[in-house]
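What follows is query.txt (compact mmCIF, C-alpha atoms).
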```
# COMPACT_ATOMS: atom_id res chain seq x y z
CA MET Q 1248 19.58 31.52 -3.19
CA VAL Q 1249 19.97 28.07 -1.64
CA THR Q 1250 16.33 27.77 -0.54
CA PRO Q 1251 14.82 28.09 -4.07
CA ILE Q 1252 17.30 25.49 -5.36
CA ILE Q 1253 16.40 23.02 -2.58
CA LEU Q 1254 12.67 23.58 -3.10
CA THR Q 1255 13.00 23.08 -6.86
CA LEU Q 1256 14.89 19.82 -6.41
CA ILE Q 1257 12.33 18.53 -3.89
CA ALA Q 1258 9.42 19.52 -6.16
CA VAL Q 1259 11.01 17.67 -9.08
CA ALA Q 1260 11.57 14.61 -6.86
CA PHE Q 1261 7.92 14.52 -5.75
CA VAL Q 1262 6.67 14.95 -9.33
CA LEU Q 1263 8.83 12.02 -10.42
CA ILE Q 1264 7.27 9.93 -7.64
CA VAL Q 1265 3.77 10.67 -8.95
CA ILE Q 1266 4.60 9.96 -12.61
CA GLU Q 1267 6.73 6.88 -11.90
CA ASP Q 1268 4.40 4.65 -13.90
CA ILE Q 1269 4.56 7.01 -16.87
CA ILE Q 1270 8.33 7.51 -17.10
CA HIS Q 1271 9.20 3.98 -15.88
CA VAL Q 1272 11.95 5.22 -13.57
CA ASN Q 1273 11.87 3.62 -10.12
CA LYS Q 1274 11.05 6.24 -7.48
CA ALA Q 1275 13.74 4.79 -5.21
CA LYS Q 1276 16.40 5.99 -7.66
CA THR Q 1277 15.04 9.51 -8.03
CA THR Q 1278 14.26 10.14 -4.35
CA LEU Q 1279 17.63 8.82 -3.19
CA PHE Q 1280 19.45 11.02 -5.71
CA PHE Q 1281 17.56 14.22 -4.90
CA GLY Q 1282 17.51 13.51 -1.16
CA THR Q 1283 21.27 13.14 -0.88
CA LEU Q 1284 21.88 16.03 -3.30
CA CYS Q 1285 19.81 18.41 -1.16
CA TRP Q 1286 21.84 17.62 1.96
CA ILE Q 1287 25.14 17.98 0.08
CA ILE Q 1288 24.02 21.45 -1.02
CA LEU Q 1289 23.09 22.29 2.58
CA PHE Q 1290 26.61 21.38 3.69
CA ILE Q 1291 28.27 23.34 0.88
CA SER Q 1292 26.12 26.42 1.36
CA PRO Q 1293 24.47 26.39 4.82
CA ILE Q 1294 21.28 28.40 5.27
CA TYR Q 1295 21.43 31.32 7.73
CA GLY Q 1296 25.20 30.89 7.98
CA GLU Q 1297 24.96 27.78 10.19
CA SER Q 1298 28.13 25.79 10.89
CA SER Q 1299 28.87 22.37 9.40
CA GLU Q 1300 28.65 20.91 12.91
CA THR Q 1301 25.03 22.12 13.23
CA ILE Q 1302 24.08 20.65 9.86
CA GLN Q 1303 25.82 17.39 10.80
CA HIS Q 1304 23.87 17.20 14.07
CA ARG Q 1305 20.56 17.61 12.23
CA LEU Q 1306 21.55 15.06 9.61
CA ASP Q 1307 22.50 12.58 12.35
CA HIS Q 1308 19.03 12.98 13.89
CA ASN Q 1309 17.44 12.35 10.48
CA ILE Q 1310 19.63 9.29 9.84
CA LEU Q 1311 18.65 7.83 13.24
CA GLU Q 1312 14.97 7.94 12.24
CA ILE Q 1313 15.79 6.34 8.89
CA ALA Q 1314 17.91 3.58 10.45
CA THR Q 1315 15.17 2.63 12.94
CA LEU Q 1316 12.59 2.32 10.17
CA TRP Q 1317 15.01 0.54 7.81
CA LEU Q 1318 16.02 -2.17 10.30
CA PHE Q 1319 12.43 -2.89 11.33
CA LEU Q 1320 11.25 -3.25 7.72
CA MET Q 1321 14.29 -5.31 6.74
CA ALA Q 1322 13.57 -7.85 9.48
CA ALA Q 1323 9.83 -8.09 8.71
CA MET Q 1324 10.36 -8.35 4.95
CA THR Q 1325 12.97 -11.11 5.35
CA PHE Q 1326 10.43 -13.32 7.13
CA VAL Q 1327 7.89 -12.81 4.35
CA ALA Q 1328 10.51 -13.28 1.59
CA TYR Q 1329 11.41 -16.71 2.96
CA LEU Q 1330 7.83 -17.93 3.41
CA ASN Q 1331 6.81 -16.57 0.01
CA SER Q 1332 9.74 -18.17 -1.83
CA LYS Q 1333 8.88 -21.54 -0.29
CA GLY Q 1334 5.27 -21.25 -1.49
CA PHE Q 1335 4.08 -21.57 2.11
CA ILE Q 1336 1.55 -18.74 1.87
CA GLN Q 1337 0.16 -19.89 -1.48
CA ASN Q 1338 -0.13 -23.40 -0.10
CA ILE Q 1339 -2.27 -22.25 2.81
CA VAL Q 1340 -4.53 -20.21 0.51
CA HIS Q 1341 -5.17 -23.09 -1.89
CA ARG Q 1342 -5.88 -25.49 0.95
CA VAL Q 1343 -8.63 -23.36 2.49
CA MET Q 1344 -10.35 -22.22 -0.73
CA PRO Q 1345 -13.62 -24.03 -1.63
CA THR Q 1346 -14.14 -25.70 -5.01
CA GLN Q 1347 -17.14 -23.52 -5.90
CA ILE Q 1348 -18.29 -20.18 -4.54
CA SER Q 1349 -20.61 -17.34 -5.56
CA GLU Q 1350 -19.12 -14.11 -6.90
CA ARG Q 1351 -20.65 -12.17 -4.04
CA LYS Q 1352 -19.19 -14.43 -1.34
CA MET Q 1353 -15.87 -14.42 -3.15
CA MET Q 1354 -15.83 -10.62 -2.98
CA PHE Q 1355 -16.16 -10.69 0.81
CA LEU Q 1356 -13.67 -13.55 1.13
CA VAL Q 1357 -11.02 -11.77 -0.96
CA GLY Q 1358 -11.55 -8.50 0.92
CA GLY Q 1359 -11.24 -10.23 4.29
CA PHE Q 1360 -8.16 -12.19 3.26
CA ALA Q 1361 -6.36 -9.13 1.84
CA PHE Q 1362 -7.26 -7.17 4.99
CA LEU Q 1363 -5.97 -9.79 7.42
CA PHE Q 1364 -2.86 -10.73 5.48
CA SER Q 1365 -1.73 -7.15 5.00
CA SER Q 1366 -1.92 -6.66 8.77
CA ILE Q 1367 1.00 -9.04 9.31
CA SER Q 1368 2.76 -8.76 5.97
CA ASP Q 1369 4.02 -6.03 3.68
CA ASN Q 1370 1.48 -4.56 1.25
CA ILE Q 1371 3.33 -5.74 -1.84
CA THR Q 1372 3.24 -9.41 -0.83
CA ALA Q 1373 -0.39 -9.18 0.31
CA THR Q 1374 -1.39 -7.61 -3.01
CA LEU Q 1375 0.48 -10.14 -5.14
CA ILE Q 1376 -0.95 -13.17 -3.35
CA SER Q 1377 -4.52 -11.81 -3.30
CA LEU Q 1378 -4.32 -11.00 -7.02
CA ALA Q 1379 -2.91 -14.46 -7.77
CA VAL Q 1380 -5.96 -16.05 -6.15
CA VAL Q 1381 -8.41 -13.87 -8.10
CA MET Q 1382 -6.62 -14.12 -11.45
CA SER Q 1383 -6.65 -17.92 -11.27
CA LEU Q 1384 -10.44 -17.72 -11.67
CA LYS Q 1385 -10.20 -16.34 -15.26
CA LEU Q 1386 -12.77 -13.59 -14.60
CA ASP Q 1387 -14.30 -11.13 -17.04
CA PRO Q 1388 -12.09 -7.97 -17.20
CA LYS Q 1389 -14.81 -5.74 -15.72
CA LYS Q 1390 -15.29 -8.07 -12.77
CA LEU Q 1391 -11.54 -8.49 -12.35
CA ILE Q 1392 -11.21 -4.69 -12.03
CA LYS Q 1393 -13.75 -4.74 -9.18
CA TYR Q 1394 -11.87 -7.48 -7.33
CA ALA Q 1395 -8.55 -5.69 -7.86
CA THR Q 1396 -10.07 -2.44 -6.56
CA LEU Q 1397 -11.26 -4.20 -3.41
CA ILE Q 1398 -7.84 -5.79 -2.91
CA ILE Q 1399 -6.06 -2.43 -3.12
CA PHE Q 1400 -8.44 -0.81 -0.61
CA SER Q 1401 -8.39 -3.84 1.71
CA VAL Q 1402 -4.61 -4.11 1.70
CA ASN Q 1403 -4.24 -0.42 2.57
CA SER Q 1404 -6.96 -0.69 5.24
CA GLY Q 1405 -5.51 -3.81 6.84
CA GLY Q 1406 -2.22 -2.25 7.77
CA VAL Q 1407 -3.36 0.93 9.52
CA SER Q 1408 -4.10 -0.67 12.89
CA LEU Q 1409 -0.76 -2.46 13.33
CA ILE Q 1410 2.79 -1.10 13.20
CA THR Q 1411 3.77 -4.25 11.30
CA GLY Q 1412 1.25 -3.58 8.55
CA ASP Q 1413 1.83 -0.02 7.32
CA VAL Q 1414 4.89 2.21 7.19
CA THR Q 1415 3.01 5.43 7.95
CA THR Q 1416 1.42 3.81 11.00
CA LEU Q 1417 4.88 2.77 12.16
CA MET Q 1418 6.20 6.31 11.61
CA ILE Q 1419 3.36 7.88 13.63
CA PHE Q 1420 3.82 5.31 16.40
CA LEU Q 1421 7.59 5.83 16.59
CA ALA Q 1422 6.97 9.58 16.84
CA GLY Q 1423 4.95 8.90 20.02
CA LYS Q 1424 1.68 10.29 18.63
CA VAL Q 1425 -0.34 7.09 19.15
CA THR Q 1426 0.05 3.93 21.19
CA ILE Q 1427 -0.62 0.35 20.16
CA PRO Q 1428 -3.89 0.17 22.17
CA ASP Q 1429 -4.96 3.35 20.36
CA LEU Q 1430 -4.18 1.82 16.96
CA LEU Q 1431 -6.18 -1.32 17.73
CA LEU Q 1432 -9.26 0.92 17.86
CA LEU Q 1433 -8.90 1.30 14.09
CA VAL Q 1434 -9.57 -2.39 13.44
CA ALA Q 1435 -13.37 -2.05 13.61
CA PRO Q 1436 -13.82 0.99 11.30
CA SER Q 1437 -11.24 -0.39 8.86
CA ILE Q 1438 -12.94 -3.77 8.44
CA VAL Q 1439 -16.39 -2.14 8.27
CA SER Q 1440 -15.23 0.11 5.43
CA VAL Q 1441 -13.83 -2.92 3.57
CA LEU Q 1442 -17.13 -4.80 3.98
CA LEU Q 1443 -19.01 -1.72 2.80
CA LEU Q 1444 -16.88 -1.49 -0.34
CA ALA Q 1445 -17.29 -5.24 -0.96
CA THR Q 1446 -21.07 -4.77 -0.72
CA LEU Q 1447 -21.07 -1.88 -3.19
CA LEU Q 1448 -18.80 -3.63 -5.69
CA SER Q 1449 -20.74 -6.90 -5.54
CA ILE Q 1450 -24.04 -5.30 -6.62
CA GLY Q 1451 -25.31 -7.19 -9.65
CA MET Q 1452 -22.80 -10.05 -9.31
CA LYS Q 1453 -24.78 -13.32 -9.15
CA ASP Q 1454 -22.71 -15.94 -11.01
CA GLN Q 1455 -20.90 -18.93 -9.53
CA LEU Q 1456 -17.11 -19.26 -9.62
CA VAL Q 1457 -15.19 -22.51 -9.94
CA PHE Q 1458 -11.83 -22.58 -8.20
CA GLU Q 1459 -9.38 -24.94 -9.92
CA LYS Q 1460 -7.31 -26.77 -7.37
CA GLN Q 1461 -3.58 -26.87 -8.10
CA ALA Q 1462 -0.96 -29.42 -7.20
CA LEU Q 1463 0.32 -28.44 -3.77
CA ARG Q 1464 3.82 -28.70 -2.39
CA ARG Q 1465 4.38 -30.60 0.80
CA ILE Q 1466 4.74 -28.15 3.65
CA GLU Q 1467 8.14 -28.64 5.23
CA LYS Q 1468 8.70 -28.75 8.98
CA THR Q 1469 11.21 -25.90 8.67
CA ASP Q 1470 8.67 -23.67 6.92
CA ILE Q 1471 6.04 -24.29 9.60
CA THR Q 1472 8.59 -23.52 12.31
CA ILE Q 1473 9.59 -20.23 10.69
CA ALA Q 1474 5.93 -19.25 10.17
CA VAL Q 1475 5.35 -19.85 13.90
CA ILE Q 1476 8.43 -17.77 14.76
CA PHE Q 1477 7.13 -14.97 12.54
CA MET Q 1478 3.69 -14.91 14.18
CA THR Q 1479 5.26 -15.16 17.63
CA THR Q 1480 7.53 -12.22 16.79
CA VAL Q 1481 4.54 -10.11 15.71
CA LEU Q 1482 2.61 -10.87 18.90
CA THR Q 1483 5.69 -10.42 21.10
CA THR Q 1484 6.42 -7.07 19.45
CA LEU Q 1485 2.92 -5.84 20.28
CA TYR Q 1486 3.07 -7.10 23.88
CA LEU Q 1487 6.56 -5.81 24.73
CA SER Q 1488 5.84 -2.45 23.16
CA VAL Q 1489 2.69 -1.97 25.23
CA GLN Q 1490 3.96 -3.47 28.47
CA TYR Q 1491 7.61 -2.39 28.56
CA GLN Q 1492 7.98 0.16 25.71
CA VAL Q 1493 10.54 -2.05 23.95
CA PRO Q 1494 11.24 -0.59 20.47
CA PRO Q 1495 9.64 -2.78 17.75
CA MET Q 1496 12.93 -2.76 15.84
CA LEU Q 1497 14.69 -4.64 18.67
CA THR Q 1498 11.99 -7.29 18.99
CA PHE Q 1499 11.85 -7.95 15.25
CA LEU Q 1500 15.64 -8.16 14.94
CA CYS Q 1501 15.62 -10.61 17.84
CA GLY Q 1502 12.91 -12.64 16.09
CA LEU Q 1503 14.95 -12.60 12.88
CA SER Q 1504 17.99 -13.94 14.73
CA VAL Q 1505 15.84 -16.73 16.22
CA MET Q 1506 14.68 -17.56 12.68
CA PHE Q 1507 18.30 -17.81 11.49
CA LEU Q 1508 19.37 -19.97 14.44
CA MET Q 1509 16.41 -22.34 14.24
CA ALA Q 1510 16.74 -22.73 10.48
CA GLN Q 1511 20.45 -23.45 10.87
CA PHE Q 1512 19.59 -26.21 13.35
CA LEU Q 1513 16.75 -27.69 11.26
CA MET Q 1514 18.66 -27.59 7.99
CA ARG Q 1515 21.96 -28.95 9.29
CA LYS Q 1516 21.37 -32.41 7.78
CA LYS Q 1517 19.71 -31.24 4.58
CA ASP Q 1518 21.41 -30.65 1.26
CA VAL Q 1519 20.23 -27.10 0.55
CA ASN Q 1520 21.58 -24.80 -2.13
CA LYS Q 1521 20.68 -21.66 -0.26
CA LYS Q 1522 21.53 -20.58 3.26
CA ILE Q 1523 18.76 -19.10 5.39
CA ILE Q 1524 20.54 -15.77 5.77
CA ASP Q 1525 20.64 -15.36 1.97
CA TYR Q 1526 16.91 -14.59 1.95
CA ILE Q 1527 17.76 -11.08 3.13
CA ARG Q 1528 18.83 -10.46 -0.48
CA GLU Q 1529 15.30 -11.20 -1.74
CA ILE Q 1530 13.51 -8.38 0.05
CA GLU Q 1531 12.35 -5.24 -1.78
CA TYR Q 1532 15.43 -3.07 -1.34
CA ASP Q 1533 14.07 -0.51 -3.76
CA THR Q 1534 11.24 0.07 -1.26
CA LEU Q 1535 13.73 0.55 1.57
CA LEU Q 1536 15.88 2.90 -0.52
CA PHE Q 1537 12.77 4.88 -1.42
CA PHE Q 1538 12.05 5.48 2.26
CA VAL Q 1539 15.65 6.64 2.78
CA GLY Q 1540 15.35 9.12 -0.08
CA VAL Q 1541 11.94 10.40 1.03
CA LEU Q 1542 12.99 10.98 4.62
CA LEU Q 1543 16.13 12.78 3.46
CA LEU Q 1544 13.95 15.02 1.27
CA VAL Q 1545 11.57 15.75 4.13
CA GLY Q 1546 14.51 16.49 6.41
CA ALA Q 1547 15.76 19.01 3.85
CA LEU Q 1548 12.27 20.57 3.73
CA LYS Q 1549 12.44 21.08 7.47
CA GLU Q 1550 15.86 22.72 7.16
CA VAL Q 1551 14.56 25.37 4.74
CA GLY Q 1552 11.50 26.04 6.92
CA VAL Q 1553 8.86 24.86 4.46
CA LEU Q 1554 7.26 22.32 6.79
CA ASN Q 1555 5.75 25.16 8.78
CA MET Q 1556 3.44 25.75 5.81
CA PHE Q 1557 1.73 22.41 6.44
CA THR Q 1558 0.58 23.63 9.82
CA GLN Q 1559 -1.40 26.43 8.16
CA LEU Q 1560 -3.96 23.93 6.86
CA TYR Q 1561 -4.55 22.86 10.45
CA GLU Q 1562 -4.72 26.47 11.63
CA PHE Q 1563 -7.54 27.44 9.28
CA ILE Q 1564 -9.43 24.12 9.23
CA ASP Q 1565 -10.44 21.87 12.09
CA PRO Q 1566 -7.87 19.01 12.37
CA GLN Q 1567 -10.57 16.41 11.71
CA TYR Q 1568 -11.42 17.93 8.34
CA ALA Q 1569 -7.80 18.80 7.56
CA SER Q 1570 -6.69 15.19 8.08
CA TYR Q 1571 -9.53 13.97 5.86
CA LEU Q 1572 -8.23 16.23 3.07
CA VAL Q 1573 -4.63 15.19 3.69
CA GLY Q 1574 -5.73 11.57 3.26
CA LEU Q 1575 -7.19 12.42 -0.14
CA MET Q 1576 -4.01 14.33 -1.01
CA SER Q 1577 -1.99 11.19 -0.31
CA ALA Q 1578 -3.58 9.65 -3.40
CA ALA Q 1579 -1.64 12.12 -5.56
CA VAL Q 1580 1.41 12.61 -3.33
CA ASP Q 1581 2.97 9.58 -1.67
CA ASN Q 1582 1.74 9.14 1.91
CA VAL Q 1583 5.23 8.56 3.30
CA PRO Q 1584 6.53 12.08 2.53
CA LEU Q 1585 3.19 13.57 3.60
CA THR Q 1586 3.30 11.77 6.94
CA ALA Q 1587 6.96 12.56 7.51
CA ALA Q 1588 6.33 16.22 6.68
CA LEU Q 1589 3.50 16.63 9.19
CA LEU Q 1590 5.39 14.76 11.90
CA LYS Q 1591 8.40 17.03 11.49
CA ALA Q 1592 6.18 20.12 11.39
CA ASP Q 1593 5.30 19.46 15.07
CA ILE Q 1594 1.54 19.93 14.59
CA VAL Q 1595 -0.28 19.84 17.93
CA MET Q 1596 -3.21 17.41 17.88
CA SER Q 1597 -4.96 15.22 20.44
CA PRO Q 1598 -4.49 11.41 20.39
CA GLN Q 1599 -7.97 11.12 18.84
CA GLN Q 1600 -6.98 13.47 16.02
CA TRP Q 1601 -3.71 11.63 15.42
CA LEU Q 1602 -5.70 8.41 15.22
CA THR Q 1603 -7.91 9.76 12.44
CA PHE Q 1604 -4.80 11.13 10.72
CA THR Q 1605 -3.30 7.62 10.85
CA TYR Q 1606 -6.35 6.17 9.13
CA ALA Q 1607 -6.43 8.96 6.54
CA THR Q 1608 -2.81 8.61 5.43
CA GLY Q 1609 -2.97 4.81 5.47
CA VAL Q 1610 -6.16 4.43 3.42
CA GLY Q 1611 -6.47 7.71 1.50
CA GLY Q 1612 -3.93 6.59 -1.10
CA SER Q 1613 -6.49 4.06 -2.34
CA MET Q 1614 -8.44 6.82 -4.09
CA LEU Q 1615 -6.10 6.77 -7.10
CA ILE Q 1616 -4.33 3.79 -8.67
CA ILE Q 1617 -0.98 5.59 -8.33
CA GLY Q 1618 -1.62 6.54 -4.71
CA SER Q 1619 -0.22 3.40 -3.08
CA ALA Q 1620 2.25 0.59 -3.64
CA ALA Q 1621 -0.68 -1.85 -3.75
CA GLY Q 1622 -2.27 0.11 -6.61
CA ILE Q 1623 0.93 0.28 -8.65
CA ILE Q 1624 1.57 -3.45 -8.19
CA ALA Q 1625 -2.02 -4.30 -9.17
CA MET Q 1626 -1.82 -2.12 -12.28
CA SER Q 1627 1.34 -3.91 -13.37
CA LYS Q 1628 -0.30 -7.34 -12.97
CA VAL Q 1629 -3.84 -6.71 -14.28
CA LYS Q 1630 -3.87 -5.42 -17.87
CA ALA Q 1631 -7.48 -4.23 -17.67
CA LEU Q 1632 -6.68 -2.13 -14.60
CA THR Q 1633 -5.62 1.33 -15.78
CA PHE Q 1634 -5.70 4.82 -14.30
CA THR Q 1635 -9.03 5.46 -16.07
CA SER Q 1636 -10.72 2.13 -15.28
CA TYR Q 1637 -9.79 2.48 -11.62
CA LEU Q 1638 -11.09 6.05 -11.59
CA ARG Q 1639 -14.56 4.69 -12.43
CA MET Q 1640 -14.57 3.06 -8.99
CA SER Q 1641 -13.84 6.40 -7.29
CA VAL Q 1642 -17.38 6.95 -5.97
CA TYR Q 1643 -17.42 3.56 -4.25
CA LEU Q 1644 -13.93 4.17 -2.87
CA LEU Q 1645 -14.81 7.63 -1.57
CA ILE Q 1646 -17.90 6.30 0.21
CA ALA Q 1647 -15.90 3.52 1.88
CA TYR Q 1648 -13.04 5.88 2.83
CA THR Q 1649 -15.45 8.43 4.30
CA ALA Q 1650 -17.25 5.76 6.31
CA GLY Q 1651 -13.96 4.39 7.63
CA TYR Q 1652 -12.73 7.87 8.54
CA ALA Q 1653 -15.97 8.64 10.40
CA GLY Q 1654 -15.61 5.33 12.23
CA ALA Q 1655 -12.01 6.16 13.17
CA TYR Q 1656 -13.18 9.51 14.58
CA PHE Q 1657 -15.89 7.77 16.61
CA MET Q 1658 -13.51 5.10 17.97
CA GLY Q 1659 -11.02 7.82 18.89
CA GLN Q 1660 -13.42 8.95 21.61
CA PHE Q 1661 -12.51 5.82 23.59
CA ILE Q 1662 -8.86 6.82 23.95
```

Now, as a test, write the supplied structure out as structure tokens.
Amino acid sequence: MVTPIILTLIAVAFVLIVIEDIIHVNKAKTTLFFGTLCWIILFISPIYGESSETIQHRLDHNILEIATLWLFLMAAMTFVAYLNSKGFIQNIVHRVMPTQISERKMMFLVGGFAFLFSSISDNITATLISLAVVMSLKLDPKKLIKYATLIIFSVNSGGVSLITGDVTTLMIFLAGKVTIPDLLLLVAPSIVSVLLLATLLSIGMKDQLVFEKQALRRIEKTDITIAVIFMTTVLTTLYLSVQYQVPPMLTFLCGLSVMFLMAQFLMRKKDVNKKIIDYIREIEYDTLLFFVGVLLLVGALKEVGVLNMFTQLYEFIDPQYASYLVGLMSAAVDNVPLTAALLKADIVMSPQQWLTFTYATGVGGSMLIIGSAAGIIAMSKVKALTFTSYLRMSVYLLIAYTAGYAGAYFMGQFI
């Protein structure tokens, strides 16, 4: 009796994730509610007559995974929250942009910027800043949709090769399925797929764009110092993880502490209204709470034995094709629960196959506007960008995704 109840609650939770934009209820609220409720039910009425101690042990294991992911993201997002609030990132963008540029070149420039920035930042910030640059050009709605489409795909593509750029990549890495050198093999196919999409979307675009320069803030010494600490933390995380297997969470928390200490020293003589540590409050806590809820839901799925069903797709279809389909599925079902589900199902795949799976879950959500955080953010900012208007770009997106997936499969041979 308990299993049908748990499955019903989880199904409702996943449906609410998909229709978040329709019902206007934040998915963090619904997933956290249903995730905790499922585990409470498991304690009250254990499946197969298991003891409370057994359920507690499994919950502790689930909470450990959640805590590791939470702390890493909290540290990374605090860095970005500070730099973004100071206008540091926008300042850099406006300083390097030319006064006049062709629409075609702008398409490649925007795609490259979104790709690179999302590799070291969270997808939400990368999307917002990229859109701000494009929307300042006062483009025709049809052209703006094309730029927004490229930004969504580029942002999702940019994060798959680094654990600092995409949550699903981080989850797969922490599960020991891929290494950082393996992930770096995804850089080439990811950027090629972005350039391919930029080429397809820029067909017929021949006009010149005029970029209006805005009054720029003076870049403070403190902001430059913290930006350097952030980049150093990213590079140190990659090096220590490869060389000494230091958990990324530890390195980023260490970097965050260095940021706090340096800012305290640099700001000691300044009259500031806000302490450096207060920027922790500005990060996207709804995103972090969403991950908690999702991982609790997936943990409950494992308890009732449903995750074994995911392995059936890989039993009847070659893993390369199965992962391609899973990537497309992540456009309708959030890629975080999909990734967590397959990781907990203990599917046996080679490092090459896990690499293609990483690309698929990271980029596949771009196929639908509701399939990624970048798409939802873009839809909320660009009025012309709707579910239907984005769907018209689906052929271009599918071609780029397929090319990137094929490239990931090819690069996986070098593992």

Close residues, Ser1636 of chain Q itself excluded, 10 Å, all atoms listed in the file, min 6 positions apart in chain, as a VMD selection string: chain Q and resid 1389 1392 to 1393 1396 1616

Between atom CA of Gly1406 of chain Q and atom CA of Leu1386 of chain Q - distance in Å to one decimal: 27.2 Å

Residue nearest Asp1454 of chain Q among Q:Arg1351, Q:Arg1528, Q:Lys1333, Q:Lys1549 (counting all atoms listed in the file):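 Looking at the shortest contact to Asp1454 of chain Q, the residue is Q:Arg1351.
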
Residue among Q:Leu1585, Q:Asp1565, Q:Ala1592, Q:Ile1348 lying closest to Gly1552 of chain Q, counting all atoms listed in the file: Q:Ala1592

Non-local contacts of segment 1532-1536 of chain Q (9 Å; only C-alpha atoms; under 4 positions in same chain excluded) as a ChimeraX atom specification: /Q:1273-1276,1278-1279,1316-1317,1320-1321,1528,1540-1541
